[in-house]
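A short write-up of the structure that comes next.
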Amino acid sequence: MEEYSPTLQDWVAKQLAQADKPTFQKLLAYYRTRGGPGLQLAESEAVRRGIAYPQPFTLLPDEYRN
Amino acid sequence: MTALNYTHVAPHSDQTEELVLAAMLIEADPLRQALGLLRGNEEIFYQPKHRVLFQAAVRLHNAGQAVDLQSMVWQLQKDGKMSLFGETVGLGAAALAELSFKASTAAHLATHCQELIELYTKRKIAELARRLVNHAYDPMQDPVELLAQAQGTLNQLTDSLQARRAVQAGSLVAEVIDELGRAVQRGNSLTGVPSGLNALDRVTSGFQDEDLIIIAARPGMGKTSLALSCARHAAGAGYPGAFFTLEMGNKQLVRKMIATEAKVTTSQILRGDLDGGLDEVAEIARKAQPLYTLPLYLDDSPGISISEMRTKATKMKAEQGIRFIICDYLQLMQGDNTGKGKGNREQEIASISRGLKLIAKELKLPVIALAQLSRSVEQRGGEKKPMLSDLRESGAIEQDADMIIFPYRPEYYGIKEDEMGNPTHNLTELIIAKHRNGPLESPVVKSVMSTGTYSDLEEGPAPAGERPMYVEGEKVNLGRLPQSTDFMPDESDPGF
């Protein structure tokens with residue numbers, strides 16, 4: 001299981017928060033491929049910035065979706 | 001022949017280095033795979049920037065942290081290396097991000113890592129060649145020492161290259177089955193080179209790789225015969241070996257081997273003193289047949305030095321795949337003429353024993369060295385059993401050796417019976433006086449010195465009155481049945 005130390009986690013969160021929009025989108029795309037602890041931080045930052053998370057593809061009818 | 005050109009750019013591939021680093025950044029599994037394949041060696045990368053990135057990844061990974069774009073920037077900043085990638089952190093991070101987008105998949109990571117290892121090996125070969133040319137023109141350099149160094153480096157490079165080559169599983173099946181066959185034949189769980197003497201192997205589990213084993217005794221005690229017997233058995237069991245014989249010539253040694261094989265004495269062979277005439281010669285030739293293909297390599301270079309032995313053994317390891325080395329005997333070797341080895345005899349012996357231990361470690365095989373004991377054994381009153389202090393110039397030998405065995409034949413000193421009254425005829429006690437990784441025991445084996453044959457004691461019943469007494473938990477002793485019959489079963493007591 002991959003993880004960041006608390007110091008590194010704070011540092012990455014800060015970098016993501018300070019990144020300009022195009023850089024952040026690149027980082028978000030990167031972490032969505034890479035996964036790991038950076039993805040959680042990037043997703044939280046995306047929510048904070050109001051960037052819609054794309055719905056995963058599913059065959060379930062709408063009423064069964066979260 | 002083309003002239004040497006030292007201005008060539010060293011073999012490398014920037015693109016492959018970038019692809020490997022990028023693959024390490026886009027997924028977690030490739031990172032672990034690359035770290036394993038490259039064994040954390042940053043020198044495999046040619047570009048200094050790439051080395052720095054690889055070092056940072058290794059550091060993060062070793063600290064249990066996730067290795068990704070941001071954590072790499074953090075680590076580089078911490079190491080003060082970020083400026084290599086851009087004037088500001090932002091620019092540096094952008095450069096790293098560029099790098100990470102160079103690989104969209106890690107599918108060919110193993111191939112790319114292999115390519116980097118091969119390029120690295122070529123660079124190291126070129127570096128070694130340059131160094132050798134320089135040293136070869138230096139009048140102060142010893143050629144044997146130079147060859148030993150070169151061979152050592154080349155071996156390491158060969159190992160690192162071979163270790164990473166993929167092999168087809170099927171190609172190993174025969175080898176594994178072969179090993180299994182040998183293990184079943186041995187019937188026990190030996191982990192080292194077998195001596196052919198079960199009583200000894202039970203204590204040692206075979207001679208272990210990287211160990212220095214000293215077999216020490218007074219002249220005539222049977223050191224060479226014992227070593228030759230072990231070598232013959234090990235080679236016959238599929239363990240190729242090297243026998244450096246400083247005392248006897250190659251032919252003398254082979255004569256001894258044929259004598260053992262055919263159960264005749266060496267003097268009979270030497271003088272042609274055979275009752276059966278040419279028919280017996282034919283019979284001896286038949287019995288010696290297995291020796292023709294025996295993977296045992298003899299070298300009788302007189303006064304061989306540690307460097308020479310190292311060079312020869314390294315070559316034999318690469319070409320013949322030797323699994324053990326025997327040296328007969330240590331005190332006849334020469335220390336290295338340079339450095340700390342030069343000095344009095346004790347220092348020379350110290351450098352030889354240290355050198356033998358280093359050969360064992362470097363070539364990852366057991367080195368069995370025979371050694372002479374001082375006369376103090378004979379000057380001692382009473383029991384003549386050797387002790388560690390009897391080793392000539394003993395300090396260093398005692399310290400470097402992982403195991404010290406003293407073959408002891410009471411018969412040699414005219415002692416016909418031991419303290420229990422057991423006959424000592426044709427018996428040798430192998431006193432294990434030092435055993436770094438095991439117990440100190442003294443197994444007894446049968447030794448027929450006229451033919452140089454060593455074997456385990458028969459397990460069948462001995463003639464009445466000389467029946468072996470096996471006491472659980474104690475060493476095997478040949479003993480007479482005691483006069484007292486107190487412990488004998490009562491004949492009046494009916495059996496079932």
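By order in the structure tokens, chains are A, B, ...; within a chain, residues start at 1; ligands start at 1, following the order shown.
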
Hey, which bits of chain A sit within 9 Å of chain B, and for each residue what's the closest pair of atoms and how far apart in Å (one decimal), counting only C-alpha atoms, rows by chain and increasing number, as a Markdown table?
| residue | atom | partner | partner_atom | distance |
| --- | --- | --- | --- | --- |
| A:Met1 | CA | B:Ala66 | CA | 8.7 |
| A:Glu2 | CA | B:Ala66 | CA | 5.0 |
| A:Glu3 | CA | B:Ala66 | CA | 5.3 |
| A:Tyr4 | CA | B:Gln65 | CA | 5.2 |
| A:Ser5 | CA | B:Gln65 | CA | 6.7 |
| A:Leu8 | CA | B:Ser71 | CA | 7.0 |
| A:Gln9 | CA | B:Ser71 | CA | 8.8 |
| A:Trp11 | CA | B:Trp74 | CA | 7.7 |
| A:Val12 | CA | B:Gln70 | CA | 6.2 |
| A:Gln15 | CA | B:Gln70 | CA | 8.2 |
| A:Thr23 | CA | B:Ala94 | CA | 8.5 |
| A:Lys26 | CA | B:Ala97 | CA | 8.6 |
| A:Leu27 | CA | B:Ala97 | CA | 8.3 |
| A:Tyr30 | CA | B:Ile26 | CA | 7.7 |
| A:Tyr31 | CA | B:Ile26 | CA | 8.4 |
| A:Thr33 | CA | B:Ile26 | CA | 7.0 |
| A:Arg34 | CA | B:Ile26 | CA | 5.1 |
| A:Gly35 | CA | B:Glu27 | CA | 7.6 |
| A:Gly36 | CA | B:Ala66 | CA | 7.2 |
| A:Pro37 | CA | B:Ala66 | CA | 7.3 |
| A:Gly38 | CA | B:Asp68 | CA | 7.9 |

What does the file look like for those residues with C-alpha atoms, as a PDB file, in the first residue's frame?
ATOM      1  CA  MET A   1       0.000   0.000   0.000  1.00  0.00           C
ATOM      2  CA  GLU A   2       1.525   3.277  -1.097  1.00  0.00           C
ATOM      3  CA  GLU A   3       1.428   6.255   1.188  1.00  0.00           C
ATOM      4  CA  TYR A   4       2.879   9.687   1.903  1.00  0.00           C
ATOM      5  CA  SER A   5       4.404  10.768   5.166  1.00  0.00           C
ATOM      6  CA  LEU A   8       4.900  15.007   2.239  1.00  0.00           C
ATOM      7  CA  GLN A   9       1.113  14.817   2.226  1.00  0.00           C
ATOM      8  CA  TRP A  11       3.405  19.522   0.866  1.00  0.00           C
ATOM      9  CA  VAL A  12       1.645  17.792  -2.067  1.00  0.00           C
ATOM     10  CA  GLN A  15       1.336  22.283  -4.357  1.00  0.00           C
ATOM     11  CA  THR A  23      -1.025  22.681 -14.446  1.00  0.00           C
ATOM     12  CA  LYS A  26      -2.393  18.025 -16.054  1.00  0.00           C
ATOM     13  CA  LEU A  27      -1.629  16.824 -12.520  1.00  0.00           C
ATOM     14  CA  TYR A  30      -1.585  12.280 -14.216  1.00  0.00           C
ATOM     15  CA  TYR A  31      -2.845  11.072 -10.844  1.00  0.00           C
ATOM     16  CA  THR A  33      -3.572   7.315 -14.387  1.00  0.00           C
ATOM     17  CA  ARG A  34      -1.033   6.871 -11.626  1.00  0.00           C
ATOM     18  CA  GLY A  35      -3.366   6.317  -8.647  1.00  0.00           C
ATOM     19  CA  GLY A  36      -1.896   6.165  -5.156  1.00  0.00           C
ATOM     20  CA  PRO A  37      -2.171   8.696  -2.297  1.00  0.00           C
ATOM     21  CA  GLY A  38      -1.684  11.646  -4.693  1.00  0.00           C
TER      22      GLY A  38
END

Compare B:Leu212, B:Leu228, B:Met24, B:Met387 by their minimum atom-to-atom distance to Lys102 (chain B), counting only C-alpha atoms, and give me the closest one.
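Ranking B:Leu212, B:Leu228, B:Met24, B:Met387 by distance to Lys102 (chain B), first place goes to B:Met24.
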
Near Ala433 (chain B), counting only C-alpha atoms, which residues have an atom at most 12 Å away, once you skip same-chain residues fewer than 3 positions from it, shown as a PyMOL selection string?
chain B and resi 213-216+385-391+398+401-408+429-430+436+438-443

Residue selection dump (C-alpha atoms) as a JSON list (two decimals), in the first residue's frame:
[["chain", "number", "residue", "atom", "x", "y", "z"],
["B", 213, "ILE", "CA", 37.86, -24.87, 5.72],
["B", 214, "ILE", "CA", 41.25, -25.82, 7.12],
["B", 215, "ILE", "CA", 42.31, -29.46, 7.29],
["B", 216, "ALA", "CA", 45.40, -29.47, 9.45],
["B", 385, "LYS", "CA", 45.36, -35.00, 19.75],
["B", 386, "PRO", "CA", 46.00, -31.67, 18.00],
["B", 387, "MET", "CA", 44.73, -28.38, 19.33],
["B", 388, "LEU", "CA", 44.12, -25.02, 17.68],
["B", 389, "SER", "CA", 47.34, -23.69, 19.13],
["B", 390, "ASP", "CA", 49.26, -26.36, 17.19],
["B", 391, "LEU", "CA", 48.54, -24.60, 13.91],
["B", 398, "GLU", "CA", 42.38, -19.68, 13.29],
["B", 401, "ALA", "CA", 38.82, -20.19, 9.02],
["B", 402, "ASP", "CA", 35.13, -21.02, 9.28],
["B", 403, "MET", "CA", 35.94, -24.62, 10.08],
["B", 404, "ILE", "CA", 39.10, -26.36, 11.25],
["B", 405, "ILE", "CA", 39.35, -30.13, 11.00],
["B", 406, "PHE", "CA", 42.21, -32.12, 12.54],
["B", 407, "PRO", "CA", 42.42, -35.64, 11.08],
["B", 408, "TYR", "CA", 43.86, -37.74, 13.91],
["B", 429, "GLU", "CA", 39.01, -39.24, 14.01],
["B", 430, "LEU", "CA", 38.08, -36.00, 12.29],
["B", 436, "ARG", "CA", 31.53, -21.19, 12.95],
["B", 438, "GLY", "CA", 27.72, -25.72, 13.61],
["B", 439, "PRO", "CA", 28.62, -28.09, 16.41],
["B", 440, "LEU", "CA", 32.10, -29.18, 17.43],
["B", 441, "GLU", "CA", 32.12, -32.94, 16.99],
["B", 442, "SER", "CA", 34.67, -35.59, 16.16],
["B", 443, "PRO", "CA", 33.24, -38.13, 13.75]]

Hey, can you check how far CA of Leu154 (chain B) sits from CA of Thr121 (chain B)?
9.5 Å

Compile the contact shell of Ala217 (chain B) as a list in words: residues with an atom at most 7 Å away, counting only C-alpha atoms, same-chain residues fewer than 3 positions apart removed.
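Close residues of Ala217 (chain B): Met221, Lys223, Ala371, Gln372, Leu373, Phe406 and Pro407 of chain B.
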
The selected residues should be written to file as an mmCIF file, in the first residue's frame (atoms: N, CA, C and O atoms).
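Once everything was written out, this is result_7.cif:
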data_model
loop_
_atom_site.group_PDB
_atom_site.id
_atom_site.type_symbol
_atom_site.label_atom_id
_atom_site.label_comp_id
_atom_site.auth_asym_id
_atom_site.auth_seq_id
_atom_site.Cartn_x
_atom_site.Cartn_y
_atom_site.Cartn_z
ATOM 1 N N MET B 221 49.840 -37.822 8.120
ATOM 2 C CA MET B 221 48.593 -38.151 8.824
ATOM 3 C C MET B 221 47.466 -38.481 7.829
ATOM 4 O O MET B 221 46.460 -39.068 8.189
ATOM 5 N N LYS B 223 46.384 -36.012 5.228
ATOM 6 C CA LYS B 223 45.648 -34.799 4.821
ATOM 7 C C LYS B 223 45.323 -34.842 3.321
ATOM 8 O O LYS B 223 44.181 -34.650 2.922
ATOM 9 N N ALA B 371 46.791 -27.648 5.934
ATOM 10 C CA ALA B 371 47.838 -26.910 6.662
ATOM 11 C C ALA B 371 48.644 -27.872 7.522
ATOM 12 O O ALA B 371 48.136 -28.890 7.995
ATOM 13 N N GLN B 372 49.912 -27.534 7.685
ATOM 14 C CA GLN B 372 50.802 -28.339 8.526
ATOM 15 C C GLN B 372 50.664 -27.897 9.972
ATOM 16 O O GLN B 372 50.533 -26.705 10.234
ATOM 17 N N LEU B 373 50.768 -28.867 10.857
ATOM 18 C CA LEU B 373 50.781 -28.522 12.287
ATOM 19 C C LEU B 373 52.234 -28.490 12.770
ATOM 20 O O LEU B 373 53.103 -29.147 12.203
ATOM 21 N N PHE B 406 40.930 -31.448 12.293
ATOM 22 C CA PHE B 406 42.213 -32.119 12.540
ATOM 23 C C PHE B 406 42.013 -33.620 12.327
ATOM 24 O O PHE B 406 41.428 -34.283 13.185
ATOM 25 N N PRO B 407 42.484 -34.180 11.196
ATOM 26 C CA PRO B 407 42.424 -35.643 11.079
ATOM 27 C C PRO B 407 43.435 -36.234 12.062
ATOM 28 O O PRO B 407 44.583 -35.795 12.083
#

Determine, counting only C-alpha atoms, which protein, DNA and RNA residues have an atom within 7 Å of an atom of Glu45 (chain A); residues of the same chain fewer than 4 positions away are not included. Present the result as a PyMOL selection string.
chain A and resi 16-17+41+49

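Between CA of Ser455 (chain B) and CA of Leu197 (chain B) lies a distance of 6.0 Å.
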
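Distances to Phe244 (chain B) were evaluated for B:Asp328, B:Leu180, B:Gly303, B:Pro295 using only C-alpha atoms, and the minimum falls at B:Asp328.
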